[in-house]
file model_13.txt (compact mmCIF, C-alpha atoms)
# COMPACT_ATOMS: atom_id res chain seq x y z
CA MET S 295 -38.76 28.93 25.71
CA PRO S 296 -36.96 26.71 23.21
CA ARG S 297 -34.26 28.55 21.41
CA GLN S 298 -34.40 28.83 17.64
CA THR S 299 -31.86 26.37 16.29
CA MET S 300 -30.34 26.30 12.82
CA SER S 301 -31.59 23.61 10.51
CA ARG S 302 -28.96 21.34 9.05
CA ARG S 303 -29.49 22.99 5.65
CA GLN S 304 -28.91 26.45 7.07
CA ALA S 305 -25.87 25.24 8.95
CA LEU S 306 -24.42 23.74 5.79
CA ALA S 307 -25.19 26.84 3.77
CA ALA S 308 -23.37 28.89 6.40
CA LEU S 309 -20.45 26.49 6.28
CA GLY S 310 -20.37 26.74 2.50
CA ALA S 311 -20.39 30.52 2.67
CA LEU S 312 -17.55 30.42 5.19
CA GLY S 313 -15.61 28.13 2.89
CA ALA S 314 -16.18 30.42 -0.06
CA ALA S 315 -15.17 33.44 1.99
CA ALA S 316 -12.04 31.71 3.17
CA ALA S 317 -11.10 30.50 -0.29
CA GLY S 318 -9.66 33.93 -1.02
CA GLY S 319 -6.63 33.42 1.13
CA LEU S 320 -7.11 31.60 4.40
CA THR S 321 -7.45 28.00 3.26
CA PRO S 322 -4.56 26.37 1.43
CA PRO S 323 -5.23 25.89 -2.28
CA ARG S 324 -6.98 22.62 -3.02
CA THR S 325 -5.30 20.33 -5.45
CA ALA S 326 -7.48 19.84 -8.46
CA SER S 327 -6.96 16.12 -8.85
CA ALA S 328 -10.04 15.14 -6.86
CA ALA S 329 -12.25 17.61 -8.69
CA GLY S 330 -14.46 15.84 -11.16
CA LEU S 331 -13.53 12.33 -10.08
CA GLY S 332 -17.19 11.54 -9.47
CA ARG S 333 -19.42 12.52 -12.37
CA HIS S 334 -22.83 11.58 -13.66
CA GLU S 335 -21.79 9.34 -16.52
CA THR S 336 -21.97 5.80 -17.80
CA VAL S 337 -19.38 3.31 -16.66
CA GLU S 338 -18.07 3.17 -20.23
CA ALA S 339 -17.56 6.94 -20.19
CA ALA S 340 -15.84 6.74 -16.80
CA LEU S 341 -13.46 4.00 -17.99
CA ALA S 342 -12.68 5.93 -21.17
CA ARG S 343 -12.06 9.11 -19.17
CA LEU S 344 -9.77 7.45 -16.61
CA PHE S 345 -7.95 4.88 -18.71
CA GLY S 346 -8.43 6.04 -22.31
CA GLY S 347 -8.83 2.60 -23.79
CA ARG S 348 -5.54 1.23 -22.44
CA PRO S 349 -5.47 -2.57 -22.32
CA MET S 350 -6.50 -4.19 -19.03
CA LYS S 351 -5.40 -7.60 -17.91
CA ASP S 352 -7.38 -9.93 -15.73
CA GLY S 353 -6.10 -9.34 -12.20
CA THR S 354 -7.43 -12.60 -10.75
CA GLY S 355 -4.83 -14.11 -8.43
CA ILE S 356 -3.12 -10.76 -7.82
CA VAL S 357 -6.02 -8.46 -6.98
CA THR S 358 -8.56 -9.58 -4.38
CA LEU S 359 -11.88 -7.74 -4.27
CA GLU S 360 -14.21 -8.71 -1.46
CA LEU S 361 -17.87 -7.75 -1.52
CA PRO S 362 -21.00 -9.51 -0.31
CA ALA S 363 -22.85 -11.42 -3.05
CA ILE S 364 -26.09 -9.98 -1.69
CA ALA S 365 -26.17 -6.49 -0.19
CA GLU S 366 -29.42 -5.98 1.69
CA ASN S 367 -28.68 -2.32 2.31
CA GLY S 368 -27.09 -0.57 -0.66
CA ALA S 369 -26.27 2.45 1.51
CA VAL S 370 -23.56 0.56 3.38
CA VAL S 371 -21.79 -2.21 1.51
CA PRO S 372 -18.45 -3.41 2.90
CA MET S 373 -15.79 -3.45 0.20
CA ALA S 374 -12.19 -4.59 0.59
CA VAL S 375 -9.53 -4.64 -2.08
CA GLU S 376 -6.00 -5.94 -1.76
CA VAL S 377 -3.13 -6.32 -4.22
CA ASN S 378 -0.56 -9.05 -3.70
CA ALA S 379 2.31 -7.35 -5.45
CA PRO S 380 5.61 -5.95 -4.19
CA MET S 381 5.72 -2.33 -3.07
CA THR S 382 9.22 -1.21 -3.98
CA PRO S 383 10.22 2.18 -5.38
CA ALA S 384 11.02 0.45 -8.69
CA ARG S 385 7.71 -1.37 -8.95
CA HIS S 386 4.61 -0.73 -6.91
CA VAL S 387 0.88 -0.26 -7.01
CA LYS S 388 0.17 3.37 -7.87
CA HIS S 389 -3.61 3.52 -7.94
CA ILE S 390 -6.60 1.42 -7.05
CA TYR S 391 -9.91 2.58 -8.52
CA VAL S 392 -13.22 1.23 -7.27
CA ILE S 393 -16.01 1.58 -9.80
CA ALA S 394 -19.66 0.57 -9.40
CA ASP S 395 -21.04 -0.05 -12.89
CA ARG S 396 -24.67 0.68 -12.09
CA ASN S 397 -24.22 3.75 -9.89
CA ARG S 398 -25.26 7.02 -11.48
CA ILE S 399 -21.86 8.29 -10.39
CA PRO S 400 -19.82 5.16 -11.14
CA VAL S 401 -16.42 6.16 -9.71
CA VAL S 402 -16.49 5.45 -5.97
CA LEU S 403 -12.89 6.16 -5.03
CA ARG S 404 -9.30 6.28 -6.15
CA ALA S 405 -6.56 5.28 -3.72
CA VAL S 406 -3.08 6.64 -4.46
CA PHE S 407 -0.32 4.57 -2.86
CA THR S 408 3.36 5.20 -2.29
CA PRO S 409 5.91 2.40 -1.75
CA GLU S 410 6.16 3.42 1.94
CA ALA S 411 2.65 2.05 2.49
CA GLY S 412 4.26 -1.38 2.27
CA HIS S 413 1.09 -3.04 1.06
CA ALA S 414 -1.68 -1.91 -1.29
CA ALA S 415 -4.91 -2.64 0.56
CA LEU S 416 -7.97 -0.60 1.34
CA ALA S 417 -11.37 -1.35 2.82
CA ALA S 418 -14.30 1.06 2.85
CA ASN S 419 -18.07 1.14 3.13
CA ILE S 420 -19.56 2.07 -0.23
CA ARG S 421 -22.97 2.84 -1.71
CA LEU S 422 -24.52 0.76 -4.47
CA GLY S 423 -27.54 2.07 -6.35
CA GLU S 424 -28.66 -1.21 -7.86
CA THR S 425 -27.65 -4.76 -8.67
CA GLY S 426 -24.59 -4.94 -10.87
CA ASP S 427 -20.86 -5.35 -11.11
CA VAL S 428 -18.30 -3.59 -8.96
CA ARG S 429 -14.79 -3.38 -10.37
CA ALA S 430 -11.40 -2.78 -8.87
CA ILE S 431 -8.86 -1.51 -11.37
CA VAL S 432 -5.22 -1.43 -10.30
CA GLU S 433 -2.68 0.77 -12.03
CA GLN S 434 0.94 -0.21 -11.38
CA SER S 435 3.93 2.10 -11.52
CA ASP S 436 4.84 0.80 -14.98
CA GLY S 437 1.40 1.88 -16.21
CA SER S 438 -0.06 -1.61 -16.57
CA LEU S 439 -3.69 -2.13 -15.56
CA LEU S 440 -5.22 -5.10 -13.76
CA ALA S 441 -8.97 -5.45 -13.35
CA VAL S 442 -11.27 -7.69 -11.34
CA LYS S 443 -15.01 -7.53 -10.78
CA ARG S 444 -17.67 -8.91 -8.50
CA ALA S 445 -21.41 -9.05 -9.05
CA VAL S 446 -23.44 -7.71 -6.14
CA GLN S 447 -27.18 -8.13 -5.78
CA VAL S 448 -28.63 -5.05 -4.11
CA THR S 449 -31.91 -5.40 -2.23
CA VAL S 450 -32.45 -1.76 -1.18
CA SER S 451 -30.80 0.99 -3.23
CA GLY S 452 -28.17 3.08 -1.51
CA CYS S 453 -28.06 5.95 -3.95
CA GLY S 454 -30.17 8.97 -4.53
CA GLY S 455 -27.73 10.17 -7.15
CA MET D 166 -25.52 10.85 16.13
CA GLY D 167 -22.29 12.70 16.58
CA ALA D 168 -21.02 16.02 15.35
CA ILE D 169 -19.76 16.23 11.77
CA GLY D 170 -16.06 15.61 11.67
CA ARG D 171 -15.77 13.60 14.87
CA MET D 172 -13.28 10.89 14.02
CA ARG D 173 -11.39 7.95 15.42
CA VAL D 174 -8.14 6.38 14.25
CA ARG D 175 -7.43 2.95 15.73
CA LEU D 176 -4.19 0.99 15.78
CA PRO D 177 -3.64 -2.59 16.97
CA SER D 178 -2.74 -2.75 20.66
CA ARG D 179 0.65 -4.34 20.00
CA ILE D 180 2.97 -3.32 17.20
CA ALA D 181 6.42 -4.81 16.53
CA PRO D 182 9.07 -3.21 14.31
CA GLY D 183 8.44 -4.08 10.66
CA ASP D 184 4.82 -5.10 11.20
CA LEU D 185 2.24 -4.43 8.56
CA VAL D 186 -0.17 -2.50 10.74
CA ARG D 187 -3.88 -2.37 10.00
CA VAL D 188 -5.26 1.09 10.69
CA ARG D 189 -9.00 1.65 11.05
CA VAL D 190 -10.48 5.10 10.57
CA LEU D 191 -14.03 6.27 11.17
CA ILE D 192 -15.45 9.75 10.65
CA ILE D 193 -18.91 11.15 11.27
CA HIS D 194 -20.01 12.85 8.06
CA PRO D 195 -23.30 13.00 6.09
CA MET D 196 -21.63 12.38 2.66
CA GLU D 197 -24.60 14.16 1.08
CA ARG D 198 -26.10 12.42 -1.91
CA VAL D 199 -27.23 14.21 -5.05
CA GLU D 200 -30.93 14.94 -4.72
CA ARG D 201 -33.44 14.87 -7.55
CA ASP D 202 -36.79 16.54 -8.04
CA ALA D 203 -40.08 14.83 -8.96
CA GLN D 204 -39.04 14.80 -12.64
CA ASP D 205 -35.79 13.04 -11.71
CA ARG D 206 -33.77 16.14 -12.53
CA ILE D 207 -30.66 16.78 -10.45
CA ILE D 208 -31.15 19.57 -7.93
CA GLU D 209 -28.14 21.80 -8.50
CA ARG D 210 -26.65 22.94 -5.22
CA PRO D 211 -23.37 22.39 -3.44
CA TYR D 212 -23.31 18.96 -1.83
CA ASN D 213 -21.13 18.41 1.19
CA TYR D 214 -19.16 15.19 1.05
CA ILE D 215 -15.62 14.13 1.87
CA ASP D 216 -13.51 14.17 -1.27
CA ARG D 217 -10.12 13.30 0.17
CA MET D 218 -8.39 11.36 2.90
CA VAL D 219 -4.63 11.78 3.36
CA VAL D 220 -2.51 9.49 5.54
CA GLU D 221 0.90 10.72 6.70
CA TYR D 222 3.40 8.58 8.59
CA ARG D 223 6.44 10.27 10.11
CA GLY D 224 5.74 13.36 8.03
CA ARG D 225 5.48 11.59 4.67
CA THR D 226 2.28 11.02 2.75
CA ILE D 227 1.88 7.29 2.25
CA LEU D 228 -1.72 7.09 1.04
CA THR D 229 -4.26 9.46 -0.47
CA VAL D 230 -7.83 8.39 -1.16
CA ASP D 231 -9.96 10.58 -3.42
CA THR D 232 -13.58 9.87 -2.67
CA THR D 233 -16.96 10.61 -4.27
CA GLN D 234 -20.54 10.39 -3.09
CA GLY D 235 -20.26 6.64 -3.73
CA VAL D 236 -18.77 6.29 -0.25
CA SER D 237 -21.26 5.67 2.57
CA GLU D 238 -22.37 8.13 5.21
CA ASN D 239 -20.03 8.09 8.23
CA PRO D 240 -17.19 6.61 6.18
CA ALA D 241 -15.05 3.81 7.58
CA PHE D 242 -11.70 2.97 6.03
CA THR D 243 -9.09 0.32 6.75
CA PHE D 244 -5.59 0.42 5.28
CA SER D 245 -2.09 -0.91 6.02
CA VAL D 246 1.11 0.80 7.05
CA ARG D 247 4.55 -0.80 7.34
CA ALA D 248 5.68 0.24 10.83
CA THR D 249 9.39 0.76 10.23
CA ASP D 250 10.00 3.27 13.04
CA PRO D 251 8.07 4.81 15.90
CA GLY D 252 6.37 8.03 14.94
CA PRO D 253 3.16 9.93 14.34
CA LEU D 254 0.48 8.80 11.93
CA THR D 255 -1.93 11.53 10.88
CA VAL D 256 -5.18 11.05 8.99
CA THR D 257 -6.73 14.18 7.45
CA PHE D 258 -10.11 14.40 5.74
CA THR D 259 -11.27 17.28 3.54
CA ASP D 260 -14.86 17.85 2.50
CA THR D 261 -16.41 19.91 -0.28
CA SER D 262 -17.47 22.62 2.17
CA GLY D 263 -13.75 23.31 2.65
CA GLN D 264 -13.54 21.88 6.16
CA THR D 265 -10.68 19.64 7.20
CA TYR D 266 -10.68 17.13 10.03
CA ALA D 267 -7.50 15.51 11.34
CA GLN D 268 -6.36 13.14 14.02
CA THR D 269 -2.88 11.93 14.93
CA VAL D 270 -1.99 8.67 16.64
CA HIS D 271 1.47 7.44 17.55
CA ILE D 272 3.04 4.21 16.41
CA ARG D 273 5.02 2.82 19.34
CA PHE D 274 6.66 -0.55 19.69
CA SER D 275 5.79 -2.72 22.65
call {"tool": "encode", "arguments": {"input": "model_13.txt", "output": "structure tokens"}}
result
Amino acid sequence: MPRQTMSRRQALAALGALGAAAAGGLTPPRTASAAGLGRHETVEAALARLFGGRPMKDGTGIVTLELPAIAENGAVVPMAVEVNAPMTPARHVKHIYVIADRNRIPVVLRAVFTPEAGHAALAANIRLGETGDVRAIVEQSDGSLLAVKRAVQVTVSGCGG
Amino acid sequence: MGAIGRMRVRLPSRIAPGDLVRVRVLIIHPMERVERDAQDRIIERPYNYIDRMVVEYRGRTILTVDTTQGVSENPAFTFSVRATDPGPLTVTFTDTSGQTYAQTVHIRFS
């Protein structure tokens, strides 16, 4: 006789319950910085929330953002961002944000670098809901912002949300 | 299909002192997307996705990546580390169910 197995949903619910039960004392406290990074909002709202209208310079020549011009599968789009700037304690890349303008949750990720990384570069597979711009916004240790963007044509949407 | 949380951290086969080392990380995870009902309303429930990756080299955090559901299922990341000294490199993922997944590799000079 086949044994009754848990559905994925049940398994996840059980995991969630475990997590909630453990939150009382067993798991270390989560830092709150990641909470609310991804929200259902417009890209304008996301930029205002993260950067509060601070001036952004064109990062062309310093920030390289690689994405395919045409993404056949929006569920898996290879993205690579790299900053050609020194990484010294006095002056380094603090954050790289990747933002997909047309996603219902525009903020994809935020990378937080320390000078020890030696080089500010990150590649990841991301989801794109529809055709539109993807931006990389770099925040340096002096607070200055550099932005670049690439237009990506998405054939099949990669987002339910 | 693998089990959630199965991960792999890969280093180049040869590393020399001072090299900028490219590290590739892969983790099996559903990165659940927000679901919507027939009226396009968000179905409110906890969604399980990875919201943080932390990279530690020789006991110091060198990179943290806060992630949202905009990252693909079974996330793959590549980043760089300046290999100044031999030592452990640990990559830790945390998801919104409260689980953590970690793997340590060792930077050695050949």
call {"tool": "closest_residue", "arguments": {"input": "model_13.txt", "among": "S:Leu440, S:Leu344, S:Val375, S:Val446", "to": "chain D", "atoms": "only C-alpha atoms"}}
result
S:Val375
call {"tool": "atom_distance", "arguments": {"input": "model_13.txt", "atom1": "CA of Thr257 (chain D)", "atom2": "CA of Val190 (chain D)"}}
result
10.3 Å
call {"tool": "closest_residue", "arguments": {"input": "model_13.txt", "among": "D:Val270, D:Val256, D:Val220, D:Val199", "to": "chain S", "atoms": "all atoms listed in the file"}}
result
D:Val199
call {"tool": "atom_distance", "arguments": {"input": "model_13.txt", "atom1": "CA of Gln264 (chain D)", "atom2": "CA of Tyr214 (chain D)"}}
result
10.1 Å
call {"tool": "closest_residue", "arguments": {"input": "model_13.txt", "among": "S:Leu422, S:Leu361, S:Met381, S:Glu433", "to": "chain D", "atoms": "all atoms listed in the file"}}
result
S:Leu422
call {"tool": "closest_residue", "arguments": {"input": "model_13.txt", "among": "S:Lys351, S:Arg421, S:Arg385, S:Arg398", "to": "chain D", "atoms": "only C-alpha atoms"}}
result
S:Arg421
call {"tool": "closest_atom_pairs", "arguments": {"input": "model_13.txt", "of": "chain D", "to": "chain S", "cutoff": "6 Å", "atoms": "only C-alpha atoms", "output": "tab-separated table"}}
result
residue	atom	partner	partner_atom	distance
D:Arg198	CA	S:Gly455	CA	5.9
D:Val199	CA	S:Gly455	CA	4.6
D:Ile227	CA	S:Thr408	CA	5.2
D:Leu228	CA	S:Phe407	CA	4.8
D:Thr229	CA	S:Val406	CA	5.0
D:Val230	CA	S:Ala405	CA	4.2
D:Asp231	CA	S:Arg404	CA	5.1
D:Thr232	CA	S:Leu403	CA	4.5
D:Thr233	CA	S:Gly332	CA	5.3
D:Gly235	CA	S:Val402	CA	4.5
D:Val236	CA	S:Ile420	CA	4.3
D:Ser237	CA	S:Ile420	CA	4.9
D:Ala241	CA	S:Ala418	CA	5.5
D:Phe242	CA	S:Ala418	CA	4.5
D:Thr243	CA	S:Ala417	CA	4.8
D:Phe244	CA	S:Leu416	CA	4.7
D:Val246	CA	S:Ala411	CA	5.0
D:Arg247	CA	S:Gly412	CA	5.1
D:Ser262	CA	S:Gly310	CA	5.0
D:Gly263	CA	S:Gly313	CA	5.2
call {"tool": "atom_distance", "arguments": {"input": "model_13.txt", "atom1": "CA of Asn367 (chain S)", "atom2": "CA of Val448 (chain S)"}}
result
7.0 Å
call {"tool": "residues_around", "arguments": {"input": "model_13.txt", "residues": "Ile169 (chain D)", "least_positions_apart": "5", "cutoff": "8 Å", "atoms": "all atoms listed in the file", "output": "count of residues only"}}
result
4
call {"tool": "axis_aligned_box", "arguments": {"input": "model_13.txt", "around": "region 446-449 of chain S", "padding_each_side": "3 Å", "output": "JSON"}}
result
{"center_x": -27.7, "center_y": -6.6, "center_z": -4.2, "size_x": 14.5, "size_y": 9.1, "size_z": 9.9}
call {"tool": "residues_near_point", "arguments": {"input": "model_13.txt", "point": "(-15.4, 17.4, 2.2)", "cutoff": "6 Å", "atoms": "all atoms listed in the file", "output": "ChimeraX atom specification"}}
result
/D:213-216,259-262
call {"tool": "build_atoms", "arguments": {"input": "model_13.txt", "residues": "region 382-393 of chain S", "atoms": "N, CA, C and O atoms", "output": "PDB file, in the coordinates of the input"}}
result
ATOM      1  N   THR S 382       7.862  -1.752  -4.001  1.00  0.00           N
ATOM      2  CA  THR S 382       9.220  -1.210  -3.980  1.00  0.00           C
ATOM      3  C   THR S 382       9.214   0.075  -4.812  1.00  0.00           C
ATOM      4  O   THR S 382       8.332   0.248  -5.658  1.00  0.00           O
ATOM      5  N   PRO S 383      10.198   0.957  -4.578  1.00  0.00           N
ATOM      6  CA  PRO S 383      10.220   2.180  -5.380  1.00  0.00           C
ATOM      7  C   PRO S 383      10.254   1.883  -6.876  1.00  0.00           C
ATOM      8  O   PRO S 383       9.689   2.628  -7.686  1.00  0.00           O
ATOM      9  N   ALA S 384      10.901   0.777  -7.266  1.00  0.00           N
ATOM     10  CA  ALA S 384      11.020   0.450  -8.690  1.00  0.00           C
ATOM     11  C   ALA S 384       9.692  -0.053  -9.264  1.00  0.00           C
ATOM     12  O   ALA S 384       9.368   0.199 -10.416  1.00  0.00           O
ATOM     13  N   ARG S 385       8.950  -0.790  -8.449  1.00  0.00           N
ATOM     14  CA  ARG S 385       7.710  -1.370  -8.950  1.00  0.00           C
ATOM     15  C   ARG S 385       6.706  -1.439  -7.812  1.00  0.00           C
ATOM     16  O   ARG S 385       6.932  -2.103  -6.808  1.00  0.00           O
ATOM     17  N   HIS S 386       5.623  -0.729  -7.960  1.00  0.00           N
ATOM     18  CA  HIS S 386       4.610  -0.730  -6.910  1.00  0.00           C
ATOM     19  C   HIS S 386       3.237  -0.414  -7.484  1.00  0.00           C
ATOM     20  O   HIS S 386       3.109  -0.037  -8.651  1.00  0.00           O
ATOM     21  N   VAL S 387       2.256  -0.594  -6.633  1.00  0.00           N
ATOM     22  CA  VAL S 387       0.880  -0.260  -7.010  1.00  0.00           C
ATOM     23  C   VAL S 387       0.716   1.245  -6.838  1.00  0.00           C
ATOM     24  O   VAL S 387       0.987   1.792  -5.772  1.00  0.00           O
ATOM     25  N   LYS S 388       0.313   1.911  -7.917  1.00  0.00           N
ATOM     26  CA  LYS S 388       0.170   3.370  -7.870  1.00  0.00           C
ATOM     27  C   LYS S 388      -1.252   3.751  -7.478  1.00  0.00           C
ATOM     28  O   LYS S 388      -1.459   4.585  -6.606  1.00  0.00           O
ATOM     29  N   HIS S 389      -2.209   3.157  -8.164  1.00  0.00           N
ATOM     30  CA  HIS S 389      -3.610   3.520  -7.940  1.00  0.00           C
ATOM     31  C   HIS S 389      -4.478   2.282  -7.818  1.00  0.00           C
ATOM     32  O   HIS S 389      -4.240   1.298  -8.499  1.00  0.00           O
ATOM     33  N   ILE S 390      -5.492   2.378  -6.971  1.00  0.00           N
ATOM     34  CA  ILE S 390      -6.600   1.420  -7.050  1.00  0.00           C
ATOM     35  C   ILE S 390      -7.859   2.257  -7.254  1.00  0.00           C
ATOM     36  O   ILE S 390      -8.122   3.193  -6.479  1.00  0.00           O
ATOM     37  N   TYR S 391      -8.611   1.944  -8.283  1.00  0.00           N
ATOM     38  CA  TYR S 391      -9.910   2.580  -8.520  1.00  0.00           C
ATOM     39  C   TYR S 391     -10.996   1.584  -8.158  1.00  0.00           C
ATOM     40  O   TYR S 391     -10.880   0.396  -8.479  1.00  0.00           O
ATOM     41  N   VAL S 392     -12.040   2.062  -7.511  1.00  0.00           N
ATOM     42  CA  VAL S 392     -13.220   1.230  -7.270  1.00  0.00           C
ATOM     43  C   VAL S 392     -14.372   1.872  -8.032  1.00  0.00           C
ATOM     44  O   VAL S 392     -14.648   3.062  -7.865  1.00  0.00           O
ATOM     45  N   ILE S 393     -14.978   1.067  -8.907  1.00  0.00           N
ATOM     46  CA  ILE S 393     -16.010   1.580  -9.800  1.00  0.00           C
ATOM     47  C   ILE S 393     -17.242   0.688  -9.728  1.00  0.00           C
ATOM     48  O   ILE S 393     -17.131  -0.540  -9.864  1.00  0.00           O
TER      49      ILE S 393
END
